[in-house]
Structure formats: structure tokens, C-alpha cells
Amino acid sequence: MALDVIGAGFGRTGTLSLKFALEKLGFNKTYHMMELFQYPEHLEHWQQALATRSCDWDNLFDGYKAAVDWPACSYWPELAEQYPDAKVILSLRNPDSWFKSIHNTIYPSTKQAMTDTNPVVKRHAQWANQLIWEDTFKGRAEDKNHAIDVFNANVEIVKATIPADRLLVFQASDGWKPLCEFLGCEIPDEPYPRVNSTEEFQNR
């Protein structure tokens, strides 16, 4: 099954809310980092992708219609080529707010999990640390200016690479209308999802 939607925005840009929104619109299932907690065997695919920039994407995404958040967003160029009919959503957030969010959620949780006594959790954390904090941010995620430069550079590369008619630049605050217009879906009669706040993440 080919993906219909590819998320190119970094984690902590409303990607879990976007996952739930897409699934509400019929793009069920939508891949998100949380899938790895449910299907730890997927890590083998992602480790191959980390080493080679490729894996058996069709097998990995079997049963999925969309993919957002890390790790998929790290491979948006490969996925956009693999699935040329898929539309691309670049989820955004104020860069200062995004930087604060990652340092209150996924950055410390990754570092802590790298010393977990559970070998599955530890292996997952070591892979995530390599993909996100080492490879993407070059080990300088704590440097605010550098991290925001990386964030902004990804935004500009996506905009310069993906044709305008294939791309939606989107913030959660935009709500249903632009997302539904882009995907050709009816607007649901309920509020746009608002999930996975910093407080909710820390409580988990």
C-alpha cells in the first residue's frame, strides 16, 4: 500500500494531533513515532534506513496511508520519491516555542532512556538519539541557535523541493479548513485535535 500523505515537519510541531486529524479524515492508519512502542519490530527497518537512507518502505508502511513525525520526517525526500502521488504536509511551529518543547519532552526522555534497564527501550533510545540528536542536529541540540537553524533549514529545503501544488505548509492553529481543502475532504463537525502537550508528555 502506497502512502497518500507524507509529513515533512519535525517532531513537536503538532504531529500527534496531525496523526489523529488525518485518521479522522480517513487516512487510517497514520504512522508516528508512537507506532514503534506498539511495534518494536519496526526498529529493524528504521535502523537499516539510518545506515543506508533506505529500507523496504512498502513492507514497513503496510496498512498505513500516511506518515508524520520522526522518524518518517527524516526521510521525506526518499518517501516523496518512493510515493510520487503522495501529498506532503510541512507541519510548523514558532521556532522558539518548538525549541523549548523539545527540551521539555523528547530530548531529555531520549537521553534518560539510553540508560534504561529494559534492552528494548535502550535500543530504541540509542537509535533515536543517533537519528535525531546526533545526525540531524550534529550533537548540538542544546545550542538553541544551531537547533533553530536546523529547524528552519528543513523548512526551506522542503519548500524549495516539493512543488507548491503538492505541499501544504500547516500549523495546528490553522485548524481543519486548509487541511481538508488540501486533501479534498469534508470538514469534520468537531474541533481539530489538540493532544500531546508538554504537560501531557511529561505526565506519561
# chains A, B, ... in the order shown; residues from 1 in each chain; ligands from 1

$ residues_around --residues "segment 72-80 of chain A" --least-positions-apart "2" --cutoff "7 Å" --atoms "only C-alpha atoms" --output "list in words"
Ile6, Gly7, Ala8, Gly9, Phe10, Ala67, Val68, Asp69, Trp70, Gln82, Tyr83, Pro84 and Ala86 of chain A

$ select_by_dssp --residues "chain A" --states "strand (DSSP E)" --output "number ranges by chain"
A: 5-7, 30-31, 66-67, 87-91, 167-170

$ closest_residue --among "A:Pro40, A:Pro163, A:Pro191, A:Pro95" --to "Phe151 of chain A" --atoms "only C-alpha atoms"
A:Pro95

$ select_by_dssp --residues "chain A" --states "alpha helix (DSSP H)" --output "VMD selection string"
chain A and resid 15 to 24 35 to 38 43 to 52 57 to 60 76 to 82 95 to 104 106 to 113 119 to 128 144 to 161 176 to 183 198 to 203

$ closest_residue --among "A:Ile157, A:Ile162, A:Pro71, A:Gln126" --to "Met114 of chain A" --atoms "only C-alpha atoms"
A:Gln126

$ atom_distance --atom1 "atom CA of Val5 of chain A" --atom2 "atom CA of Val169 of chain A"
13.0 Å

$ closest_atom_pairs --of "segment 97-183 of chain A" --to "segment 29-37 of chain A" --cutoff "12 Å" --atoms "only C-alpha atoms" --output "tab-separated table"
residue	atom	partner	partner_atom	distance
A:Ile106	CA	A:Met33	CA	10.9
A:Val120	CA	A:Phe37	CA	9.7
A:Val121	CA	A:Phe37	CA	8.8
A:Arg123	CA	A:Leu36	CA	11.7
A:His124	CA	A:Leu36	CA	8.4
A:Ala125	CA	A:Leu36	CA	11.0
A:Trp127	CA	A:Leu36	CA	11.6
A:Ala128	CA	A:Met33	CA	9.8
A:Ile132	CA	A:Met33	CA	11.9

$ write_last_selection --atoms "N, CA and C atoms" --output "tab-separated table (two decimals), in the first residue's frame"
chain	number	residue	atom	x	y	z
A	106	ILE	N	10.97	15.40	24.37
A	106	ILE	CA	11.63	14.27	23.71
A	106	ILE	C	13.14	14.23	23.89
A	120	VAL	N	15.04	-3.38	25.18
A	120	VAL	CA	14.26	-2.91	24.04
A	120	VAL	C	14.15	-1.38	24.09
A	121	VAL	N	13.86	-0.85	25.27
A	121	VAL	CA	13.77	0.61	25.44
A	121	VAL	C	15.13	1.26	25.16
A	123	ARG	N	17.65	0.12	23.31
A	123	ARG	CA	17.98	0.03	21.88
A	123	ARG	C	17.23	1.08	21.08
A	124	HIS	N	15.95	1.25	21.38
A	124	HIS	CA	15.13	2.25	20.70
A	124	HIS	C	15.69	3.65	20.94
A	125	ALA	N	16.06	3.92	22.20
A	125	ALA	CA	16.58	5.25	22.55
A	125	ALA	C	17.91	5.52	21.87
A	127	TRP	N	18.97	4.34	19.03
A	127	TRP	CA	18.69	4.61	17.61
A	127	TRP	C	18.12	6.01	17.44
A	128	ALA	N	17.13	6.38	18.27
A	128	ALA	CA	16.52	7.71	18.17
A	128	ALA	C	17.55	8.80	18.43
A	132	ILE	N	18.13	11.51	15.48
A	132	ILE	CA	17.65	12.87	15.71
A	132	ILE	C	18.75	13.77	16.26

$ residues_around --residues "Trp98 of chain A" --least-positions-apart "6" --cutoff "10 Å" --atoms "only C-alpha atoms" --output "list of chain:residue names"
A:Phe10, A:Gly11, A:Arg12, A:Thr13, A:Gly14, A:Leu92, A:Asn104, A:Ala147, A:Ile148, A:Phe151

$ residues_around --residues "Asp4 of chain A" --least-positions-apart "5" --cutoff "8 Å" --atoms "only C-alpha atoms" --output "ChimeraX atom specification"
/A:27,65-66,83,85-87

$ write_last_selection --atoms "N, CA, C and O atoms" --output "compact mmCIF listing (two decimals), in the first residue's frame"
# COMPACT_ATOMS: atom_id res chain seq x y z
N PHE A 27 -7.42 8.75 6.65
CA PHE A 27 -6.07 8.27 6.37
C PHE A 27 -5.62 7.39 7.55
O PHE A 27 -4.77 7.74 8.36
N LYS A 65 -1.66 4.74 5.55
CA LYS A 65 -1.96 5.66 4.45
C LYS A 65 -1.19 6.97 4.56
O LYS A 65 -1.16 7.75 3.61
N ALA A 66 -0.60 7.21 5.72
CA ALA A 66 0.13 8.46 5.94
C ALA A 66 1.24 8.21 6.97
O ALA A 66 1.20 7.24 7.72
N TYR A 83 6.87 7.53 -3.27
CA TYR A 83 5.42 7.65 -3.44
C TYR A 83 5.11 8.98 -4.12
O TYR A 83 4.69 9.95 -3.49
N ASP A 85 2.78 10.13 -5.89
CA ASP A 85 1.41 10.66 -5.87
C ASP A 85 1.00 11.16 -4.48
O ASP A 85 -0.08 11.73 -4.33
N ALA A 86 1.86 10.93 -3.51
CA ALA A 86 1.53 11.36 -2.14
C ALA A 86 1.66 12.87 -2.00
O ALA A 86 2.53 13.50 -2.60
N LYS A 87 0.80 13.44 -1.18
CA LYS A 87 0.91 14.85 -0.85
C LYS A 87 1.79 15.02 0.38
O LYS A 87 1.90 14.10 1.20

$ closest_residue --among "A:Leu50, A:Ala21, A:Leu90, A:Leu43" --to "Glu134 of chain A" --atoms "only C-alpha atoms"
A:Leu50

$ residues_around --residues "Asp58 of chain A" --least-positions-apart "3" --cutoff "10 Å" --atoms "only C-alpha atoms" --output "list in words"
Met1, Ala2, Leu3, Cys55, Phe61, Asp62, Gly63, Tyr64, Gln82 and Tyr83 of chain A

$ closest_residue --among "A:Ile89, A:Gly184, A:Thr136, A:Trp46" --to "Lys159 of chain A" --atoms "only C-alpha atoms"
A:Ile89

$ residues_around --residues "Phe20 of chain A" --least-positions-apart "5" --cutoff "10 Å" --atoms "only C-alpha atoms" --output "PyMOL selection string"
chain A and resi 15+25-30+192-195

$ residues_around --residues "Asp149 of chain A" --least-positions-apart "5" --cutoff "12 Å" --atoms "only C-alpha atoms" --output "PDB file with N, CA, C and O atoms, in the first residue's frame"
ATOM      1  N   PRO A  95       9.560  28.697  16.084  1.00  0.00           N
ATOM      2  CA  PRO A  95      10.819  28.009  16.395  1.00  0.00           C
ATOM      3  C   PRO A  95      11.244  28.104  17.853  1.00  0.00           C
ATOM      4  O   PRO A  95      11.768  27.121  18.405  1.00  0.00           O
ATOM      5  N   ASP A  96      11.025  29.242  18.489  1.00  0.00           N
ATOM      6  CA  ASP A  96      11.377  29.360  19.908  1.00  0.00           C
ATOM      7  C   ASP A  96      10.520  28.426  20.762  1.00  0.00           C
ATOM      8  O   ASP A  96      11.025  27.765  21.681  1.00  0.00           O
ATOM      9  N   PHE A  99      11.698  24.838  20.187  1.00  0.00           N
ATOM     10  CA  PHE A  99      12.942  24.525  20.888  1.00  0.00           C
ATOM     11  C   PHE A  99      12.668  24.257  22.366  1.00  0.00           C
ATOM     12  O   PHE A  99      13.177  23.291  22.949  1.00  0.00           O
ATOM     13  N   THR A 136      20.806  14.564  12.837  1.00  0.00           N
ATOM     14  CA  THR A 136      20.047  15.738  12.401  1.00  0.00           C
ATOM     15  C   THR A 136      20.612  17.027  13.004  1.00  0.00           C
ATOM     16  O   THR A 136      20.796  18.020  12.294  1.00  0.00           O
ATOM     17  N   PHE A 137      20.899  16.987  14.306  1.00  0.00           N
ATOM     18  CA  PHE A 137      21.353  18.205  14.989  1.00  0.00           C
ATOM     19  C   PHE A 137      22.848  18.204  15.300  1.00  0.00           C
ATOM     20  O   PHE A 137      23.347  19.092  15.984  1.00  0.00           O
ATOM     21  N   LYS A 138      23.558  17.197  14.762  1.00  0.00           N
ATOM     22  CA  LYS A 138      25.031  17.133  14.869  1.00  0.00           C
ATOM     23  C   LYS A 138      25.520  17.214  16.312  1.00  0.00           C
ATOM     24  O   LYS A 138      26.563  17.808  16.602  1.00  0.00           O
ATOM     25  N   ARG A 140      24.365  18.922  18.676  1.00  0.00           N
ATOM     26  CA  ARG A 140      24.304  20.287  19.207  1.00  0.00           C
ATOM     27  C   ARG A 140      22.861  20.733  19.469  1.00  0.00           C
ATOM     28  O   ARG A 140      22.536  21.911  19.350  1.00  0.00           O
ATOM     29  N   ALA A 141      22.034  19.797  19.883  1.00  0.00           N
ATOM     30  CA  ALA A 141      20.626  20.130  20.115  1.00  0.00           C
ATOM     31  C   ALA A 141      20.453  21.106  21.272  1.00  0.00           C
ATOM     32  O   ALA A 141      19.438  21.802  21.346  1.00  0.00           O
ATOM     33  N   ASP A 143      22.277  23.701  21.758  1.00  0.00           N
ATOM     34  CA  ASP A 143      22.627  25.020  21.231  1.00  0.00           C
ATOM     35  C   ASP A 143      21.399  25.582  20.519  1.00  0.00           C
ATOM     36  O   ASP A 143      21.069  25.162  19.411  1.00  0.00           O
ATOM     37  N   LYS A 144      20.717  26.510  21.158  1.00  0.00           N
ATOM     38  CA  LYS A 144      19.439  26.992  20.633  1.00  0.00           C
ATOM     39  C   LYS A 144      19.562  27.544  19.225  1.00  0.00           C
ATOM     40  O   LYS A 144      18.756  27.218  18.348  1.00  0.00           O
ATOM     41  N   ASN A 154      15.372  22.927   7.345  1.00  0.00           N
ATOM     42  CA  ASN A 154      14.483  21.871   6.854  1.00  0.00           C
ATOM     43  C   ASN A 154      13.248  22.475   6.203  1.00  0.00           C
ATOM     44  O   ASN A 154      12.809  22.021   5.138  1.00  0.00           O
ATOM     45  N   VAL A 155      12.703  23.504   6.824  1.00  0.00           N
ATOM     46  CA  VAL A 155      11.527  24.174   6.267  1.00  0.00           C
ATOM     47  C   VAL A 155      11.812  24.700   4.871  1.00  0.00           C
ATOM     48  O   VAL A 155      11.037  24.489   3.927  1.00  0.00           O
ATOM     49  N   GLU A 156      12.941  25.379   4.716  1.00  0.00           N
ATOM     50  CA  GLU A 156      13.269  25.979   3.422  1.00  0.00           C
ATOM     51  C   GLU A 156      13.566  24.925   2.359  1.00  0.00           C
ATOM     52  O   GLU A 156      13.200  25.091   1.191  1.00  0.00           O
TER      53      GLU A 156
END

$ decode --residues "segment 75-124 of chain A" --atoms "C-alpha atoms" --output "mmCIF file, in the first residue's frame"
data_model
loop_
_atom_site.group_PDB
_atom_site.id
_atom_site.type_symbol
_atom_site.label_atom_id
_atom_site.label_comp_id
_atom_site.auth_asym_id
_atom_site.auth_seq_id
_atom_site.Cartn_x
_atom_site.Cartn_y
_atom_site.Cartn_z
ATOM 1 C CA TYR A 75 13.257 10.596 5.130
ATOM 2 C CA TRP A 76 10.745 12.861 3.436
ATOM 3 C CA PRO A 77 12.909 13.194 0.267
ATOM 4 C CA GLU A 78 13.123 9.423 -0.134
ATOM 5 C CA LEU A 79 9.440 8.934 0.654
ATOM 6 C CA ALA A 80 8.362 11.709 -1.709
ATOM 7 C CA GLU A 81 10.278 9.931 -4.466
ATOM 8 C CA GLN A 82 9.040 6.476 -3.466
ATOM 9 C CA TYR A 83 5.416 7.652 -3.443
ATOM 10 C CA PRO A 84 5.192 10.330 -6.170
ATOM 11 C CA ASP A 85 1.412 10.661 -5.874
ATOM 12 C CA ALA A 86 1.532 11.359 -2.144
ATOM 13 C CA LYS A 87 0.907 14.853 -0.851
ATOM 14 C CA VAL A 88 3.364 16.435 1.574
ATOM 15 C CA ILE A 89 2.458 18.302 4.752
ATOM 16 C CA LEU A 90 5.077 20.526 6.359
ATOM 17 C CA SER A 91 3.928 20.990 9.949
ATOM 18 C CA LEU A 92 5.308 24.125 11.570
ATOM 19 C CA ARG A 93 5.504 25.863 14.916
ATOM 20 C CA ASN A 94 7.121 29.006 16.254
ATOM 21 C CA PRO A 95 10.819 28.009 16.395
ATOM 22 C CA ASP A 96 11.377 29.360 19.908
ATOM 23 C CA SER A 97 8.329 27.504 21.196
ATOM 24 C CA TRP A 98 9.449 24.365 19.357
ATOM 25 C CA PHE A 99 12.942 24.525 20.888
ATOM 26 C CA LYS A 100 11.508 24.896 24.379
ATOM 27 C CA SER A 101 9.153 22.000 23.742
ATOM 28 C CA ILE A 102 11.790 19.511 22.595
ATOM 29 C CA HIS A 103 13.892 20.287 25.655
ATOM 30 C CA ASN A 104 10.941 19.710 27.954
ATOM 31 C CA THR A 105 9.898 16.452 26.283
ATOM 32 C CA ILE A 106 11.629 14.267 23.710
ATOM 33 C CA TYR A 107 15.252 15.369 24.205
ATOM 34 C CA PRO A 108 15.540 14.535 27.931
ATOM 35 C CA SER A 109 13.350 11.440 27.570
ATOM 36 C CA THR A 110 15.653 10.057 24.879
ATOM 37 C CA LYS A 111 18.763 10.691 26.943
ATOM 38 C CA GLN A 112 17.202 9.098 30.016
ATOM 39 C CA ALA A 113 16.011 6.034 28.099
ATOM 40 C CA MET A 114 19.503 5.389 26.757
ATOM 41 C CA THR A 115 20.428 4.009 30.184
ATOM 42 C CA ASP A 116 17.177 2.098 30.734
ATOM 43 C CA THR A 117 17.492 -1.430 32.120
ATOM 44 C CA ASN A 118 14.993 -2.685 29.543
ATOM 45 C CA PRO A 119 17.109 -3.630 26.490
ATOM 46 C CA VAL A 120 14.259 -2.905 24.041
ATOM 47 C CA VAL A 121 13.771 0.605 25.437
ATOM 48 C CA LYS A 122 17.528 1.204 25.484
ATOM 49 C CA ARG A 123 17.981 0.027 21.883
ATOM 50 C CA HIS A 124 15.131 2.251 20.704
#
